[in-house]
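Here is the file data23.txt (compact mmCIF, N, CA and C atoms).
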```txt
# COMPACT_ATOMS: atom_id res chain seq x y z
N MET A 1244 77.79 112.43 97.98
CA MET A 1244 78.70 113.25 98.74
C MET A 1244 78.84 112.68 100.15
N ILE A 1245 80.04 112.76 100.67
CA ILE A 1245 80.32 112.26 102.01
C ILE A 1245 80.90 113.41 102.83
N ASN A 1246 80.30 113.65 103.99
CA ASN A 1246 80.81 114.66 104.90
C ASN A 1246 81.73 113.96 105.90
N ILE A 1247 83.02 114.27 105.85
CA ILE A 1247 83.99 113.57 106.70
C ILE A 1247 83.73 113.84 108.17
N LYS A 1248 83.35 115.06 108.53
CA LYS A 1248 83.06 115.36 109.95
C LYS A 1248 81.94 114.47 110.47
N ASP A 1249 80.90 114.26 109.65
CA ASP A 1249 79.81 113.37 110.06
C ASP A 1249 80.29 111.94 110.21
N GLN A 1250 81.18 111.52 109.32
CA GLN A 1250 81.71 110.15 109.39
C GLN A 1250 82.56 109.96 110.65
N ILE A 1251 83.33 110.97 111.01
CA ILE A 1251 84.15 110.89 112.22
C ILE A 1251 83.26 110.69 113.45
N LYS A 1252 82.14 111.39 113.50
CA LYS A 1252 81.22 111.26 114.64
C LYS A 1252 80.71 109.83 114.79
N LYS A 1253 80.66 109.08 113.69
CA LYS A 1253 80.15 107.71 113.72
C LYS A 1253 81.19 106.69 114.16
N LEU A 1254 82.47 107.09 114.19
CA LEU A 1254 83.52 106.15 114.61
C LEU A 1254 83.34 105.83 116.09
N GLN A 1255 83.18 104.57 116.41
CA GLN A 1255 82.93 104.19 117.80
C GLN A 1255 84.12 103.55 118.49
N SER A 1256 85.05 103.00 117.72
CA SER A 1256 86.16 102.27 118.31
C SER A 1256 87.50 102.76 117.79
N TYR A 1257 88.50 102.69 118.63
CA TYR A 1257 89.86 102.96 118.19
C TYR A 1257 90.37 101.78 117.37
N TYR A 1258 91.30 102.04 116.47
CA TYR A 1258 91.98 101.02 115.68
C TYR A 1258 91.02 100.23 114.78
N SER A 1259 89.92 100.81 114.40
CA SER A 1259 88.93 100.12 113.57
C SER A 1259 88.61 100.98 112.35
N PRO A 1260 89.45 100.91 111.31
CA PRO A 1260 89.22 101.75 110.13
C PRO A 1260 87.86 101.48 109.50
N LYS A 1261 87.26 102.53 108.99
CA LYS A 1261 85.98 102.41 108.28
C LYS A 1261 86.17 102.92 106.85
N ILE A 1262 85.75 102.12 105.90
CA ILE A 1262 85.81 102.51 104.50
C ILE A 1262 84.68 103.48 104.24
N ILE A 1263 85.03 104.67 103.73
CA ILE A 1263 84.00 105.68 103.45
C ILE A 1263 83.83 105.93 101.96
N ALA A 1264 84.77 105.44 101.14
CA ALA A 1264 84.65 105.62 99.70
C ALA A 1264 85.59 104.66 98.98
N GLU A 1265 85.33 104.49 97.69
CA GLU A 1265 86.20 103.69 96.83
C GLU A 1265 86.51 104.52 95.59
N ILE A 1266 87.75 104.41 95.14
CA ILE A 1266 88.13 105.05 93.89
C ILE A 1266 89.09 104.10 93.18
N ASN A 1267 88.72 103.71 91.97
CA ASN A 1267 89.50 102.73 91.21
C ASN A 1267 89.76 101.51 92.08
N ASN A 1268 91.01 101.19 92.33
CA ASN A 1268 91.34 100.01 93.13
C ASN A 1268 91.78 100.38 94.54
N GLU A 1269 91.28 101.53 95.03
CA GLU A 1269 91.69 102.04 96.34
C GLU A 1269 90.48 102.22 97.25
N TYR A 1270 90.72 102.07 98.54
CA TYR A 1270 89.73 102.42 99.56
C TYR A 1270 90.16 103.71 100.23
N VAL A 1271 89.21 104.56 100.55
CA VAL A 1271 89.43 105.72 101.39
C VAL A 1271 88.84 105.36 102.75
N LYS A 1272 89.66 105.46 103.80
CA LYS A 1272 89.23 105.03 105.13
C LYS A 1272 89.48 106.14 106.13
N ILE A 1273 88.73 106.10 107.23
CA ILE A 1273 89.02 106.95 108.38
C ILE A 1273 89.12 106.05 109.60
N ALA A 1274 89.92 106.49 110.57
CA ALA A 1274 90.10 105.71 111.78
C ALA A 1274 90.51 106.62 112.93
N LYS A 1275 90.18 106.18 114.15
CA LYS A 1275 90.63 106.85 115.36
C LYS A 1275 91.74 106.01 115.99
N ILE A 1276 92.78 106.69 116.43
CA ILE A 1276 93.91 106.03 117.09
C ILE A 1276 94.10 106.68 118.46
N LYS A 1277 94.36 105.87 119.48
CA LYS A 1277 94.74 106.38 120.79
C LYS A 1277 95.51 105.27 121.49
N GLY A 1278 96.77 105.53 121.77
CA GLY A 1278 97.61 104.52 122.38
C GLY A 1278 98.58 103.94 121.37
N ASP A 1279 99.09 102.75 121.70
CA ASP A 1279 100.11 102.15 120.84
C ASP A 1279 99.85 100.67 120.55
N LYS A 1280 98.62 100.33 120.20
CA LYS A 1280 98.28 98.94 119.92
C LYS A 1280 98.60 98.49 118.50
N VAL A 1281 98.91 99.43 117.61
CA VAL A 1281 99.23 99.03 116.23
C VAL A 1281 100.61 98.36 116.24
N PRO A 1282 100.69 97.11 115.76
CA PRO A 1282 101.97 96.40 115.78
C PRO A 1282 102.89 96.85 114.64
N TRP A 1283 104.17 96.56 114.79
CA TRP A 1283 105.08 96.72 113.66
C TRP A 1283 104.58 95.82 112.55
N HIS A 1284 104.44 96.36 111.35
CA HIS A 1284 103.99 95.57 110.22
C HIS A 1284 104.42 96.24 108.91
N MET A 1285 104.23 95.53 107.81
CA MET A 1285 104.51 96.12 106.51
C MET A 1285 103.50 95.60 105.50
N HIS A 1286 103.42 96.31 104.42
CA HIS A 1286 102.58 95.91 103.29
C HIS A 1286 103.55 95.67 102.14
N GLU A 1287 103.71 94.41 101.76
CA GLU A 1287 104.74 94.05 100.80
C GLU A 1287 104.54 94.64 99.41
N LYS A 1288 103.27 94.80 98.98
CA LYS A 1288 103.02 95.22 97.61
C LYS A 1288 102.27 96.54 97.49
N GLU A 1289 101.95 97.17 98.62
CA GLU A 1289 101.12 98.37 98.57
C GLU A 1289 101.72 99.51 99.37
N ASP A 1290 101.63 100.73 98.81
CA ASP A 1290 101.93 101.94 99.56
C ASP A 1290 100.70 102.27 100.40
N GLU A 1291 100.88 103.10 101.44
CA GLU A 1291 99.77 103.46 102.33
C GLU A 1291 99.87 104.95 102.64
N LEU A 1292 98.80 105.70 102.35
CA LEU A 1292 98.78 107.14 102.57
C LEU A 1292 98.09 107.46 103.88
N PHE A 1293 98.73 108.27 104.71
CA PHE A 1293 98.17 108.75 105.97
C PHE A 1293 97.96 110.26 105.86
N TYR A 1294 96.79 110.74 106.25
CA TYR A 1294 96.50 112.17 106.31
C TYR A 1294 95.86 112.44 107.67
N ILE A 1295 96.40 113.38 108.42
CA ILE A 1295 95.91 113.64 109.78
C ILE A 1295 94.76 114.63 109.74
N LEU A 1296 93.58 114.18 110.19
CA LEU A 1296 92.39 115.03 110.23
C LEU A 1296 92.27 115.77 111.56
N GLU A 1297 92.61 115.09 112.66
CA GLU A 1297 92.53 115.68 114.00
C GLU A 1297 93.65 115.10 114.86
N GLY A 1298 94.21 115.90 115.73
CA GLY A 1298 95.22 115.42 116.68
C GLY A 1298 96.59 115.27 116.06
N SER A 1299 97.39 114.39 116.67
CA SER A 1299 98.75 114.14 116.17
C SER A 1299 99.03 112.64 116.23
N LEU A 1300 99.92 112.19 115.38
CA LEU A 1300 100.23 110.78 115.23
C LEU A 1300 101.74 110.60 115.19
N VAL A 1301 102.25 109.66 115.98
CA VAL A 1301 103.67 109.33 115.93
C VAL A 1301 103.85 108.24 114.88
N MET A 1302 104.68 108.52 113.89
CA MET A 1302 104.99 107.57 112.82
C MET A 1302 106.38 107.01 113.07
N GLU A 1303 106.46 105.69 113.14
CA GLU A 1303 107.75 105.02 113.31
C GLU A 1303 108.01 104.16 112.07
N LEU A 1304 109.17 104.33 111.49
CA LEU A 1304 109.60 103.56 110.33
C LEU A 1304 110.87 102.82 110.69
N GLU A 1305 110.97 101.59 110.27
CA GLU A 1305 112.15 100.78 110.58
C GLU A 1305 113.44 101.48 110.13
N LYS A 1306 114.41 101.52 111.02
CA LYS A 1306 115.74 102.07 110.75
C LYS A 1306 115.73 103.56 110.42
N GLN A 1307 114.70 104.27 110.87
CA GLN A 1307 114.62 105.72 110.66
C GLN A 1307 114.13 106.37 111.94
N PRO A 1308 114.46 107.64 112.15
CA PRO A 1308 113.94 108.31 113.35
C PRO A 1308 112.42 108.47 113.25
N SER A 1309 111.76 108.31 114.38
CA SER A 1309 110.30 108.52 114.39
C SER A 1309 110.02 110.02 114.25
N PHE A 1310 108.81 110.35 113.85
CA PHE A 1310 108.41 111.75 113.74
C PHE A 1310 106.93 111.86 114.06
N THR A 1311 106.52 113.07 114.42
CA THR A 1311 105.13 113.31 114.79
C THR A 1311 104.43 114.08 113.68
N MET A 1312 103.32 113.54 113.24
CA MET A 1312 102.49 114.19 112.23
C MET A 1312 101.39 114.97 112.93
N GLN A 1313 101.10 116.16 112.44
CA GLN A 1313 100.07 117.02 113.00
C GLN A 1313 98.90 117.15 112.01
N ARG A 1314 97.81 117.71 112.49
CA ARG A 1314 96.64 117.95 111.65
C ARG A 1314 97.08 118.61 110.34
N GLY A 1315 96.61 118.06 109.23
CA GLY A 1315 96.94 118.59 107.91
C GLY A 1315 98.16 117.95 107.27
N ASP A 1316 98.93 117.15 108.04
CA ASP A 1316 100.11 116.49 107.47
C ASP A 1316 99.72 115.24 106.70
N LEU A 1317 100.47 114.97 105.65
CA LEU A 1317 100.26 113.80 104.81
C LEU A 1317 101.59 113.08 104.66
N PHE A 1318 101.55 111.74 104.72
CA PHE A 1318 102.77 110.95 104.55
C PHE A 1318 102.40 109.64 103.89
N VAL A 1319 103.26 109.19 102.97
CA VAL A 1319 103.06 107.90 102.32
C VAL A 1319 104.13 106.94 102.81
N VAL A 1320 103.69 105.82 103.37
CA VAL A 1320 104.60 104.74 103.74
C VAL A 1320 104.75 103.87 102.50
N SER A 1321 105.97 103.76 102.02
CA SER A 1321 106.23 102.97 100.81
C SER A 1321 106.08 101.48 101.09
N LYS A 1322 105.66 100.75 100.08
CA LYS A 1322 105.55 99.29 100.20
C LYS A 1322 106.87 98.71 100.67
N GLY A 1323 106.76 97.67 101.50
CA GLY A 1323 107.94 96.99 101.99
C GLY A 1323 108.62 97.63 103.18
N VAL A 1324 108.10 98.77 103.66
CA VAL A 1324 108.70 99.46 104.80
C VAL A 1324 107.93 99.09 106.08
N SER A 1325 108.64 98.52 107.03
CA SER A 1325 108.03 98.16 108.31
C SER A 1325 107.74 99.45 109.08
N HIS A 1326 106.53 99.53 109.62
CA HIS A 1326 106.11 100.75 110.31
C HIS A 1326 105.09 100.45 111.39
N LYS A 1327 104.89 101.45 112.25
CA LYS A 1327 103.81 101.40 113.25
C LYS A 1327 103.46 102.83 113.60
N VAL A 1328 102.24 103.02 114.08
CA VAL A 1328 101.78 104.35 114.47
C VAL A 1328 101.21 104.29 115.88
N SER A 1329 101.24 105.45 116.54
CA SER A 1329 100.66 105.56 117.88
C SER A 1329 100.28 107.01 118.12
N SER A 1330 99.50 107.23 119.19
CA SER A 1330 99.08 108.57 119.55
C SER A 1330 98.78 108.61 121.03
N LYS A 1331 99.33 109.61 121.73
CA LYS A 1331 99.07 109.73 123.17
C LYS A 1331 97.64 110.15 123.43
N LYS A 1332 97.12 111.06 122.60
CA LYS A 1332 95.73 111.50 122.70
C LYS A 1332 95.01 111.06 121.44
N GLU A 1333 93.71 111.18 121.45
CA GLU A 1333 92.94 110.74 120.29
C GLU A 1333 93.39 111.45 119.01
N CYS A 1334 93.54 110.67 117.96
CA CYS A 1334 93.94 111.16 116.65
C CYS A 1334 93.00 110.55 115.61
N VAL A 1335 92.58 111.34 114.65
CA VAL A 1335 91.73 110.83 113.57
C VAL A 1335 92.53 110.94 112.28
N ILE A 1336 92.60 109.82 111.56
CA ILE A 1336 93.37 109.78 110.32
C ILE A 1336 92.49 109.38 109.15
N LEU A 1337 92.91 109.83 107.98
CA LEU A 1337 92.33 109.38 106.72
C LEU A 1337 93.42 108.56 106.05
N LEU A 1338 93.04 107.40 105.56
CA LEU A 1338 93.98 106.49 104.89
C LEU A 1338 93.51 106.25 103.46
N ILE A 1339 94.45 106.13 102.56
CA ILE A 1339 94.14 105.65 101.22
C ILE A 1339 95.02 104.43 101.01
N GLU A 1340 94.34 103.30 100.75
CA GLU A 1340 95.03 102.03 100.62
C GLU A 1340 94.46 101.24 99.45
N SER A 1341 95.31 100.44 98.82
CA SER A 1341 94.83 99.52 97.80
C SER A 1341 93.85 98.54 98.44
N LYS A 1342 92.91 98.06 97.65
CA LYS A 1342 91.91 97.13 98.18
C LYS A 1342 92.53 95.83 98.67
N THR A 1343 93.76 95.54 98.25
CA THR A 1343 94.44 94.32 98.68
C THR A 1343 95.21 94.49 99.99
N THR A 1344 95.29 95.72 100.51
CA THR A 1344 96.08 96.00 101.71
C THR A 1344 95.42 95.37 102.94
N LEU A 1345 96.19 94.57 103.66
CA LEU A 1345 95.71 93.99 104.91
C LEU A 1345 95.93 95.00 106.03
N HIS A 1346 94.95 95.13 106.92
CA HIS A 1346 94.95 96.14 107.98
C HIS A 1346 96.27 96.23 108.72
N THR A 1347 96.77 95.13 109.22
CA THR A 1347 98.04 95.13 109.95
C THR A 1347 99.05 94.22 109.25
N GLY A 1348 99.04 94.28 107.92
CA GLY A 1348 99.96 93.44 107.15
C GLY A 1348 99.71 91.97 107.45
N ASN A 1349 100.79 91.21 107.55
CA ASN A 1349 100.67 89.79 107.87
C ASN A 1349 100.69 89.51 109.37
N VAL A 1350 100.66 90.59 110.17
CA VAL A 1350 100.66 90.46 111.62
C VAL A 1350 99.20 90.51 112.10
N LYS A 1351 98.79 89.47 112.81
CA LYS A 1351 97.41 89.44 113.32
C LYS A 1351 97.43 89.69 114.82
N THR A 1352 96.64 90.69 115.26
CA THR A 1352 96.54 91.01 116.68
C THR A 1352 95.08 91.25 117.02
N GLU A 1353 94.82 91.63 118.26
CA GLU A 1353 93.45 91.91 118.70
C GLU A 1353 92.81 93.06 117.93
N ILE A 1354 93.58 93.92 117.31
CA ILE A 1354 93.01 95.07 116.59
C ILE A 1354 92.83 94.82 115.09
N THR A 1355 93.35 93.71 114.58
CA THR A 1355 93.28 93.42 113.14
C THR A 1355 91.82 93.31 112.70
N LYS A 1356 91.50 94.03 111.62
CA LYS A 1356 90.13 94.04 111.08
C LYS A 1356 90.14 93.57 109.64
N LEU A 1357 89.20 92.69 109.31
CA LEU A 1357 89.01 92.25 107.93
C LEU A 1357 88.29 93.36 107.16
N ILE A 1358 88.37 93.30 105.84
CA ILE A 1358 87.71 94.31 105.00
C ILE A 1358 86.21 94.37 105.32
N LYS A 1359 85.56 93.23 105.49
CA LYS A 1359 84.12 93.25 105.77
C LYS A 1359 83.80 93.99 107.07
N GLU A 1360 84.74 93.99 108.01
CA GLU A 1360 84.56 94.74 109.26
C GLU A 1360 84.82 96.23 109.08
N GLN A 1361 85.55 96.58 108.03
CA GLN A 1361 85.88 97.98 107.77
C GLN A 1361 84.83 98.67 106.90
N LYS A 1362 83.98 97.90 106.25
CA LYS A 1362 83.00 98.49 105.34
C LYS A 1362 81.95 99.26 106.12
N ASN A 1363 81.69 100.44 105.63
CA ASN A 1363 80.68 101.32 106.19
C ASN A 1363 79.53 101.31 105.18
N GLU A 1364 78.75 100.25 105.21
CA GLU A 1364 77.79 99.93 104.16
C GLU A 1364 76.88 101.10 103.77
N LYS A 1365 76.46 101.90 104.70
CA LYS A 1365 75.53 102.99 104.42
C LYS A 1365 76.13 104.06 103.53
N ASN A 1366 77.45 104.13 103.46
CA ASN A 1366 78.09 105.22 102.74
C ASN A 1366 78.89 104.78 101.53
N GLN A 1367 78.73 103.56 101.09
CA GLN A 1367 79.46 103.12 99.92
C GLN A 1367 78.95 103.85 98.69
N LEU A 1368 79.86 104.23 97.80
CA LEU A 1368 79.50 104.92 96.57
C LEU A 1368 79.02 103.94 95.55
```

Could I get this structure in the form of C-alpha cells?
Amino acid sequence: MINIKDQIKKLQSYYSPKIIAEINNEYVKIAKIKGDKVPWHMHEKEDELFYILEGSLVMELEKQPSFTMQRGDLFVVSKGVSHKVSSKKECVILLIESKTTLHTGNVKTEITKLIKEQKNEKNQL
C-alpha cells in the first residue's frame, strides 16, 4: 500500500516526477510544479494523464485555449498534442504515463529527468 500524502511529503524538488507505482506498462508518478519551466513538448506515441492532488495547474495545448485545472480535476493529453503546464503557486500532480514516455518529450532542458532519476526505489511494488 502507498499513502500518497506521505509520498508528497517526500518530494523535495519541483519538476522532478517520482514513480510511486507500476501497473502493466504504465508508471504512476507524482510531482510538484511551481512556475513555468516545463517546455512545450509532445509525446508522439503515448497519452498522458494529469490528476491534480493539490493547488491548480495551467494546461496549455497547441492551437487551443489554455485552461486551469483545480484539485480533483483530471485531464488526458492525447499523443501527438504539443503541450506545457505551469503553476503560479505550488501544485502537486499525479501522472499516469506509459513506461516509454520521456519526461519532456524530445525536448531536453534543465528540468528533464531520466526514468532512473524518477524511480522512488523504496516504494516500488

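Between atom CA of Asp1316 of chain A and atom CA of Val1271 of chain A there is a distance of 16.3 Å.
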
For this session: Choose the residue, out of A:Val1328, A:Met1302, A:Met1285, A:Leu1317, that has the smallest atom-to-atom separation from Leu1345 of chain A; count all atoms listed in the file.
Result: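 Checking each of A:Val1328, A:Met1302, A:Met1285, A:Leu1317 against Leu1345 of chain A, counting all atoms listed in the file, the winner is A:Met1285.
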
Exercise. For Glu1297 of chain A, which residue among A:Met1312, A:Leu1254, A:Met1244, A:Val1324 is the nearest when counting all atoms listed in the file?
Worked result: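 Using all atoms listed in the file, the shortest distance to Glu1297 of chain A belongs to A:Met1312.
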
For this session: Return the single residue from A:Ser1321, A:Gln1255, A:Ser1309, A:Ser1341 that is closest to Asn1267 of chain A, with distances computed using all atoms listed in the file.
Result: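 Under the stated criterion, the closest residue is A:Ser1341.
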
For this session: Using atom N of Val1320 of chain A and atom C of His1286 of chain A as the two end points, give the distance in Å to one decimal.
Result: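 Between these atoms lies a distance of 10.2 Å.
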
Problem set entry | Distance criterion (all atoms listed in the file): nearest to Val1301 of chain A out of A:Thr1344, A:Ser1330, A:Ser1325, A:Asn1246 | A:Ser1330

Step by step, gather every atom of segment 1253-1271 of chain A that the file lists, find the box along x, y and z that holds them, add 6 Å on each side, and finally give centre and edge lengths in Å to one decimal, as JSON.
```
{"center_x": 86.1, "center_y": 104.5, "center_z": 104.9, "size_x": 23.8, "size_y": 21.1, "size_z": 39.4}
```

For this session: Dump as an MDAnalysis selection string all residues having an atom at most 8 Å from (93.2, 106.0, 105.2), computed in the file's coordinates with only C-alpha atoms.
Result: chainID A and resid 1260 1270:1274 1291:1294 1336:1340

Near Lys1275 of chain A, counting only C-alpha atoms, which residues have an atom at most 7 Å away, once you skip same-chain residues fewer than 4 positions from it, shown as a PDB file with N, CA and C atoms, keeping the file's coordinate frame?
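The result, written out as part_18.pdb:
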```pdb
ATOM      1  N   TYR A1257      88.500 102.690 118.630  1.00  0.00           N
ATOM      2  CA  TYR A1257      89.860 102.960 118.190  1.00  0.00           C
ATOM      3  C   TYR A1257      90.370 101.780 117.370  1.00  0.00           C
ATOM      4  N   TYR A1258      91.300 102.040 116.470  1.00  0.00           N
ATOM      5  CA  TYR A1258      91.980 101.020 115.680  1.00  0.00           C
ATOM      6  C   TYR A1258      91.020 100.230 114.780  1.00  0.00           C
ATOM      7  N   GLU A1333      93.710 111.180 121.450  1.00  0.00           N
ATOM      8  CA  GLU A1333      92.940 110.740 120.290  1.00  0.00           C
ATOM      9  C   GLU A1333      93.390 111.450 119.010  1.00  0.00           C
ATOM     10  N   CYS A1334      93.540 110.670 117.960  1.00  0.00           N
ATOM     11  CA  CYS A1334      93.940 111.160 116.650  1.00  0.00           C
ATOM     12  C   CYS A1334      93.000 110.550 115.610  1.00  0.00           C
ATOM     13  N   VAL A1335      92.580 111.340 114.650  1.00  0.00           N
ATOM     14  CA  VAL A1335      91.730 110.830 113.570  1.00  0.00           C
ATOM     15  C   VAL A1335      92.530 110.940 112.280  1.00  0.00           C
ATOM     16  N   ILE A1336      92.600 109.820 111.560  1.00  0.00           N
ATOM     17  CA  ILE A1336      93.370 109.780 110.320  1.00  0.00           C
ATOM     18  C   ILE A1336      92.490 109.380 109.150  1.00  0.00           C
TER      19      ILE A1336
END
```

Problem set entry | Those in segment 1262-1298 of chain A with strand (DSSP E) from DSSP, as a PyMOL selection string | chain A and resi 1262-1266+1269-1278+1291-1297

For this session: Find the distance between atom C of Phe1310 of chain A and atom N of Glu1287 of chain A and write it in Å to one decimal.
Result: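 That distance, rounded to one decimal, is 21.6 Å.
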
Problem set entry | Spatial neighbours of Thr1352 of chain A, 8 Å, only N, CA and C atoms, chain gap at least 5 places, as an MDAnalysis selection string | chainID A and resid 1280 1282 1347

Problem set entry | Which of A:Val1281, A:Ile1245, A:Leu1300, A:Ile1358 sits closest to His1326 of chain A [using only C-alpha atoms] | A:Val1281

Exercise. Between A:Ile1247, A:Ile1276, A:Val1350, A:Ile1295, which is the closest to Arg1314 of chain A once you count only C-alpha atoms?
Worked result: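 Counting only C-alpha atoms, the residue closest to Arg1314 of chain A is A:Ile1295.
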
Problem set entry | Which of segment 1249-1347 of chain A fall in alpha helix (DSSP H), as a list in words | Asp1249, Gln1250, Ile1251, Lys1252 and Lys1253 of chain A
